[in-house]
2 protein chains.
Amino acid sequence: MELRNIRAFVEVVRQDGFSNAAKTVYATQSTVSKAVKQLEDELGVSLLDRIGHGVRLTQAGELVFRRGVAMLEQGTQIFAELEELRGLERGTLRMGFPLLGSNTLFADIFAVFRQKYPNVEIQMVEHGGKRLEEMLLVGELDLAASLLPVDGNELEWQQVRSEPMDLLVAAEHPLAVRERVSFSDLKEYPFILYAQGFALNPMIMDACKSRGFTPVVAAQSSQIEFIIGLVAARLGIALLPRMIAEQHQHPKTMLIPVDSPAIFWEMSLMWRNGAYLPPAARAWLELTKQRWG
Amino acid sequence: MELRNIRAFVEVVRQDGFSNAAKTVYATQSTVSKAVKQLEDELGVSLLDRIGHGVRLTQAGELVFRRGVAMLEQGTQIFAELEELRGLERGTLRMGFPLLGSNTLFADIFAVFRQKYPNVEIQMVEHGGKRLEEMLLVGELDLAASLLPVDGNELEWQQVRSEPMDLLVAAEHPLAVRERVSFSDLKEYPFILYAQGFALNPMIMDACKSRGFTPVVAAQSSQIEFIIGLVAARLGIALLPRMIAEQHQHPKTMLIPVDSPAIFWEMSLMWRNGAYLPPAARAWLELTKQRWG
DNA sequence: TAAAAATACTCCATAGGTATTTTAT
DNA sequence: ATAAAATACCTATGGAGTATTTTTA
């Protein structure tokens, strides 16, 4: 029993005829005819009821067809999986990272990925969400990590992590004694915001507006340690993703949950809708899912 | 990609070596070596790490091995399932039965068949002979029981039973005293015929015509008991296969042999000429021959 | 150096093609 | 009469063998 014959037989069934099958397997009708005959001889049954033009499967044929299709399917799977493997042996992954939280979320995935696929080159850039989206859309990146919301028509994404935004205040700050605060409570205090281009800024501003005020901005920075330092120095208050804040504990500050509205830092990995995802990108998504999923 | 090579490769892995594999596939070491090489060339990857004595699978090899085993497994399944089919441990029998006499002729064959081959599914339909022949020819049935004569070019058949058609009359009927009658004797009496579509009707009509008359039709029915009841009620006379008439004895009727011409109810099992007869159909024919042959 | 695998070389079985016949519509 | 499948026949590829070389434990 050889695949060549199985393939011929399966095509005869699918194309409903020897001559048509011959075309799809790039052989002559004679060859197909003999292939099927040989299969029948080997198995000792007839597989096709030759009812004039067009063929009908016998019971045995039915059964062989099912199994045959499965065998061929295994074959194509082999090729597909090898392709995948090849991609991970010498591929490239072009990733975009956000300006905040990369280390917390992705550093160890980097480590695992490097170890697992040492020959995949990783090209990385850091930008704000807007710029990353642009780069995805023009095909300069395979994958980007950025905050939601995202353009659902042009991009697909996989959630990585959703963190509530907590309030960080100096230990002596009036709000430091509170269990929880709402955005309304923040009206009278100056804010320390993120640098230009951070997607978090508009989220914070929107939340303030929903409570009827526009915050006073005392300072802006792209460096998380600096922001925390400024809060400790009583320059103002700040809003930080809980996970990140917890990783930068500072003795002179307090972290307090915020609600009304509670806002969330939702980090996702995204890619262009319908784009071909190189094997390396799929592998990255998979690792991320395992780590954070 | 051919199974021959897959088989060789899989055995090399299982037997941990080319030479050992060669034995299990009944070939020489050289052949096995070349088979694996060819597979590797086709797939464009190396499958085995040749670590001196003994072999280790590469990542690609791992994957091909898994799929390869699955393919071979499908192959052995084919053989196993065909064996079951042959042994009637599975399969389907699509049968057509006539409108008259099925119970008498086939009920106990059904019982034996079921008991002997409990895993064969029987699909049955009931139709007049014309319709059954059509269904055979387009391949919707494997086997049909129907009256002769039959189209000898397109159908083959096996005789089941030939019964003379006897005359059934009411006990008080003038013909009731006769030992035998001929068709000429029936001219003056109204007939109770079978329903539309019964092959018996034209046979009876033809016999009448051969004696130069066309019978008056008093009633028609597809139910044998009803026909007998109507005869007893003196509505008319009827012609019945002897065996069936004997099984429905009615005290107010008499059964009388008819000759000149004697006509026969010849029930046969038939199938499409040259059609592939599934094992279940052959088994049915065999049982029928034993029972009625 | 002894085993196992790869390679060189030969042979012939057979896969696949062309041409033709048979079969079915 | 036409289209499809089976068959006959031929050719050349390549699968399988033997013999030999290479490799490595």
# chains A, B, ... in the order shown; residues from 1 in each chain; ligands from 1
>>> interface_residues(of="chain A", to="chain C", cutoff="12 Å", atoms="only C-alpha atoms (C1' of nucleotides)", output="PyMOL selection string")
chain A and resi 2+4-5+22+26-35+38+50-54
>>> write_last_selection(atoms="C-alpha atoms", output="PDB file, in the first residue's frame")
ATOM      1  CA  GLU A   2       1.632   3.200  -1.147  1.00  0.00           C
ATOM      2  CA  ARG A   4       0.659   7.291  -4.529  1.00  0.00           C
ATOM      3  CA  ASN A   5      -2.213   4.885  -5.028  1.00  0.00           C
ATOM      4  CA  ALA A  22      -5.757  12.376 -13.451  1.00  0.00           C
ATOM      5  CA  TYR A  26      -0.751  15.434 -12.685  1.00  0.00           C
ATOM      6  CA  ALA A  27      -0.818  12.046 -14.326  1.00  0.00           C
ATOM      7  CA  THR A  28      -2.606  10.363 -17.166  1.00  0.00           C
ATOM      8  CA  GLN A  29      -5.948   8.635 -16.904  1.00  0.00           C
ATOM      9  CA  SER A  30      -4.181   5.361 -17.553  1.00  0.00           C
ATOM     10  CA  THR A  31      -1.936   5.832 -14.581  1.00  0.00           C
ATOM     11  CA  VAL A  32      -4.838   6.645 -12.311  1.00  0.00           C
ATOM     12  CA  SER A  33      -6.767   3.666 -13.545  1.00  0.00           C
ATOM     13  CA  LYS A  34      -3.873   1.378 -12.798  1.00  0.00           C
ATOM     14  CA  ALA A  35      -3.223   2.937  -9.428  1.00  0.00           C
ATOM     15  CA  GLN A  38      -3.478  -1.930  -7.828  1.00  0.00           C
ATOM     16  CA  ARG A  50     -18.365   1.644 -11.808  1.00  0.00           C
ATOM     17  CA  ILE A  51     -21.859   2.844 -12.626  1.00  0.00           C
ATOM     18  CA  GLY A  52     -21.301   4.105 -16.118  1.00  0.00           C
ATOM     19  CA  HIS A  53     -19.893   7.595 -15.899  1.00  0.00           C
ATOM     20  CA  GLY A  54     -19.244   8.672 -12.398  1.00  0.00           C
TER      21      GLY A  54
END
>>> select_by_dssp(residues="region 8-211 of chain A", states="strand (DSSP E)", output="PyMOL selection string")
chain A and resi 48-50+55-57+92-97+121-126+143-147+155-170+181-182+191-194
>>> write_last_selection(atoms="N, CA and C atoms", output="CSV table (one decimal), in the first residue's frame")
chain,number,residue,atom,x,y,z
A,48,LEU,N,-14.7,0.8,-5.9
A,48,LEU,CA,-15.6,1.6,-6.6
A,48,LEU,C,-16.6,0.7,-7.4
A,49,ASP,N,-17.8,1.2,-7.4
A,49,ASP,CA,-18.8,0.6,-8.2
A,49,ASP,C,-18.9,1.4,-9.5
A,50,ARG,N,-18.4,0.9,-10.6
A,50,ARG,CA,-18.4,1.6,-11.8
A,50,ARG,C,-19.8,1.7,-12.4
A,55,VAL,N,-18.6,7.5,-10.4
A,55,VAL,CA,-18.3,6.3,-9.6
A,55,VAL,C,-19.0,6.4,-8.3
A,56,ARG,N,-19.2,5.3,-7.7
A,56,ARG,CA,-19.8,5.2,-6.4
A,56,ARG,C,-19.0,4.3,-5.5
A,57,LEU,N,-18.8,4.8,-4.3
A,57,LEU,CA,-18.0,4.0,-3.4
A,57,LEU,C,-18.7,2.7,-2.9
A,92,THR,N,12.9,35.7,12.0
A,92,THR,CA,13.0,37.0,12.6
A,92,THR,C,11.7,37.3,13.2
A,93,LEU,N,11.8,38.0,14.3
A,93,LEU,CA,10.6,38.5,15.0
A,93,LEU,C,10.8,39.9,15.2
A,94,ARG,N,9.9,40.7,14.6
A,94,ARG,CA,10.0,42.2,14.7
A,94,ARG,C,8.9,42.6,15.7
A,95,MET,N,9.3,43.0,16.9
A,95,MET,CA,8.3,43.3,17.9
A,95,MET,C,8.4,44.8,18.3
A,96,GLY,N,7.2,45.3,18.7
A,96,GLY,CA,7.1,46.6,19.2
A,96,GLY,C,6.7,46.6,20.7
A,97,PHE,N,7.4,47.4,21.5
A,97,PHE,CA,7.0,47.3,22.9
A,97,PHE,C,6.5,48.7,23.4
A,121,GLU,N,16.1,35.8,15.3
A,121,GLU,CA,16.6,37.1,15.6
A,121,GLU,C,15.4,38.0,16.1
A,122,ILE,N,15.5,38.7,17.2
A,122,ILE,CA,14.5,39.5,17.6
A,122,ILE,C,14.8,41.0,17.4
A,123,GLN,N,14.0,41.7,16.6
A,123,GLN,CA,14.2,43.1,16.4
A,123,GLN,C,13.2,43.8,17.2
A,124,MET,N,13.6,44.7,18.1
A,124,MET,CA,12.6,45.4,18.9
A,124,MET,C,12.7,46.9,18.9
A,125,VAL,N,11.5,47.5,18.9
A,125,VAL,CA,11.4,49.0,19.0
A,125,VAL,C,10.5,49.3,20.2
A,126,GLU,N,10.7,50.5,20.7
A,126,GLU,CA,9.8,51.0,21.8
A,126,GLU,C,9.1,52.3,21.3
A,143,LEU,N,4.5,42.0,15.5
A,143,LEU,CA,3.7,41.9,16.7
A,143,LEU,C,4.0,43.2,17.6
A,144,ALA,N,3.0,43.7,18.2
A,144,ALA,CA,3.3,44.8,19.1
A,144,ALA,C,2.5,44.7,20.4
A,145,ALA,N,3.1,45.1,21.5
A,145,ALA,CA,2.4,45.1,22.8
A,145,ALA,C,1.9,46.5,23.0
A,146,SER,N,0.6,46.6,23.3
A,146,SER,CA,0.1,48.0,23.5
A,146,SER,C,-1.2,47.9,24.3
A,147,LEU,N,-1.6,49.1,24.7
A,147,LEU,CA,-2.8,49.2,25.5
A,147,LEU,C,-4.0,49.1,24.6
A,155,LEU,N,-6.9,45.5,13.4
A,155,LEU,CA,-6.0,44.7,14.2
A,155,LEU,C,-6.7,43.6,15.0
A,156,GLU,N,-5.9,42.6,15.2
A,156,GLU,CA,-6.4,41.5,16.1
A,156,GLU,C,-5.5,41.5,17.3
A,157,TRP,N,-6.0,41.0,18.4
A,157,TRP,CA,-5.1,41.0,19.6
A,157,TRP,C,-5.3,39.9,20.5
A,158,GLN,N,-4.4,39.7,21.4
A,158,GLN,CA,-4.5,38.7,22.4
A,158,GLN,C,-4.2,39.4,23.7
A,159,GLN,N,-5.1,39.3,24.6
A,159,GLN,CA,-5.0,39.9,25.9
A,159,GLN,C,-3.7,39.4,26.7
A,160,VAL,N,-3.0,40.2,27.2
A,160,VAL,CA,-1.8,39.7,28.0
A,160,VAL,C,-2.1,39.8,29.5
A,161,ARG,N,-2.6,41.0,29.9
A,161,ARG,CA,-2.7,41.3,31.3
A,161,ARG,C,-3.6,42.5,31.5
A,162,SER,N,-4.5,42.4,32.5
A,162,SER,CA,-5.3,43.6,32.8
A,162,SER,C,-5.1,44.0,34.2
A,163,GLU,N,-4.5,45.2,34.4
A,163,GLU,CA,-4.2,45.6,35.8
A,163,GLU,C,-5.0,46.8,36.2
A,164,PRO,N,-5.6,46.9,37.4
A,164,PRO,CA,-6.3,48.1,37.8
A,164,PRO,C,-5.2,49.2,38.0
A,165,MET,N,-5.6,50.4,37.8
A,165,MET,CA,-4.8,51.6,38.0
A,165,MET,C,-5.0,52.0,39.5
A,166,ASP,N,-3.9,52.0,40.2
A,166,ASP,CA,-4.0,52.4,41.6
A,166,ASP,C,-3.4,53.8,41.8
A,167,LEU,N,-3.9,54.4,42.9
A,167,LEU,CA,-3.4,55.8,43.3
A,167,LEU,C,-2.1,55.6,44.1
A,168,LEU,N,-1.1,56.4,43.7
A,168,LEU,CA,0.1,56.4,44.6
A,168,LEU,C,0.2,57.8,45.2
A,169,VAL,N,0.3,57.8,46.5
A,169,VAL,CA,0.5,59.1,47.2
A,169,VAL,C,1.6,59.0,48.2
A,170,ALA,N,2.1,60.2,48.6
A,170,ALA,CA,3.2,60.2,49.6
A,170,ALA,C,2.6,59.7,51.0
A,181,VAL,N,-10.2,55.2,47.2
A,181,VAL,CA,-10.6,56.6,46.9
A,181,VAL,C,-11.4,56.5,45.5
A,182,SER,N,-12.1,57.6,45.3
A,182,SER,CA,-12.7,57.7,44.0
A,182,SER,C,-12.1,58.8,43.2
A,191,PHE,N,-1.4,66.4,39.7
A,191,PHE,CA,-1.0,65.1,39.2
A,191,PHE,C,0.4,65.0,38.6
A,192,ILE,N,1.0,63.9,38.7
A,192,ILE,CA,2.2,63.6,38.0
A,192,ILE,C,1.8,62.6,36.9
A,193,LEU,N,2.0,63.1,35.7
A,193,LEU,CA,1.5,62.3,34.6
A,193,LEU,C,2.7,61.7,33.8
A,194,TYR,N,2.3,60.9,32.8
A,194,TYR,CA,3.3,60.3,32.0
A,194,TYR,C,3.8,61.2,30.8
>>> select_by_dssp(residues="region 65-200 of chain B", states="alpha helix (DSSP H)", output="ChimeraX atom specification")
/B:65-86,102-116,129-137,200
>>> calpha_fit_rmsd(fixed="chain B", moving="chain A")
11.0 Å
>>> residues_around(residues="Arg67 (chain A)", least_positions_apart="2", cutoff="8 Å", atoms="only C-alpha atoms (C1' of nucleotides)", output="ChimeraX atom specification")
/A:63-65,69-71 /B:74-75,77-78
>>> interface_residues(of="chain D", to="chain A", cutoff="12 Å", atoms="only C-alpha atoms (C1' of nucleotides)", output="number ranges by chain")
D: 3-8
>>> closest_residue(among="B:Cys208, B:Ile237, B:Val25, B:Ile6", to="chain A", atoms="only C-alpha atoms")
B:Ile6
>>> atom_distance(atom1="CA of Ala107 (chain A)", atom2="CA of Trp284 (chain A)")
12.4 Å
>>> closest_residue(among="B:Val36, B:Ala207, B:Val120, B:Val138", to="chain A", atoms="only C-alpha atoms")
B:Val138
>>> atom_distance(atom1="CA of Lys130 (chain A)", atom2="CA of Pro278 (chain A)")
22.8 Å
>>> residues_around(residues="Tyr276 (chain A)", least_positions_apart="4", cutoff="12 Å", atoms="only C-alpha atoms (C1' of nucleotides)", output="MDAnalysis selection string")
chainID A and resid 136 139 141:143 156 271:272 280:282
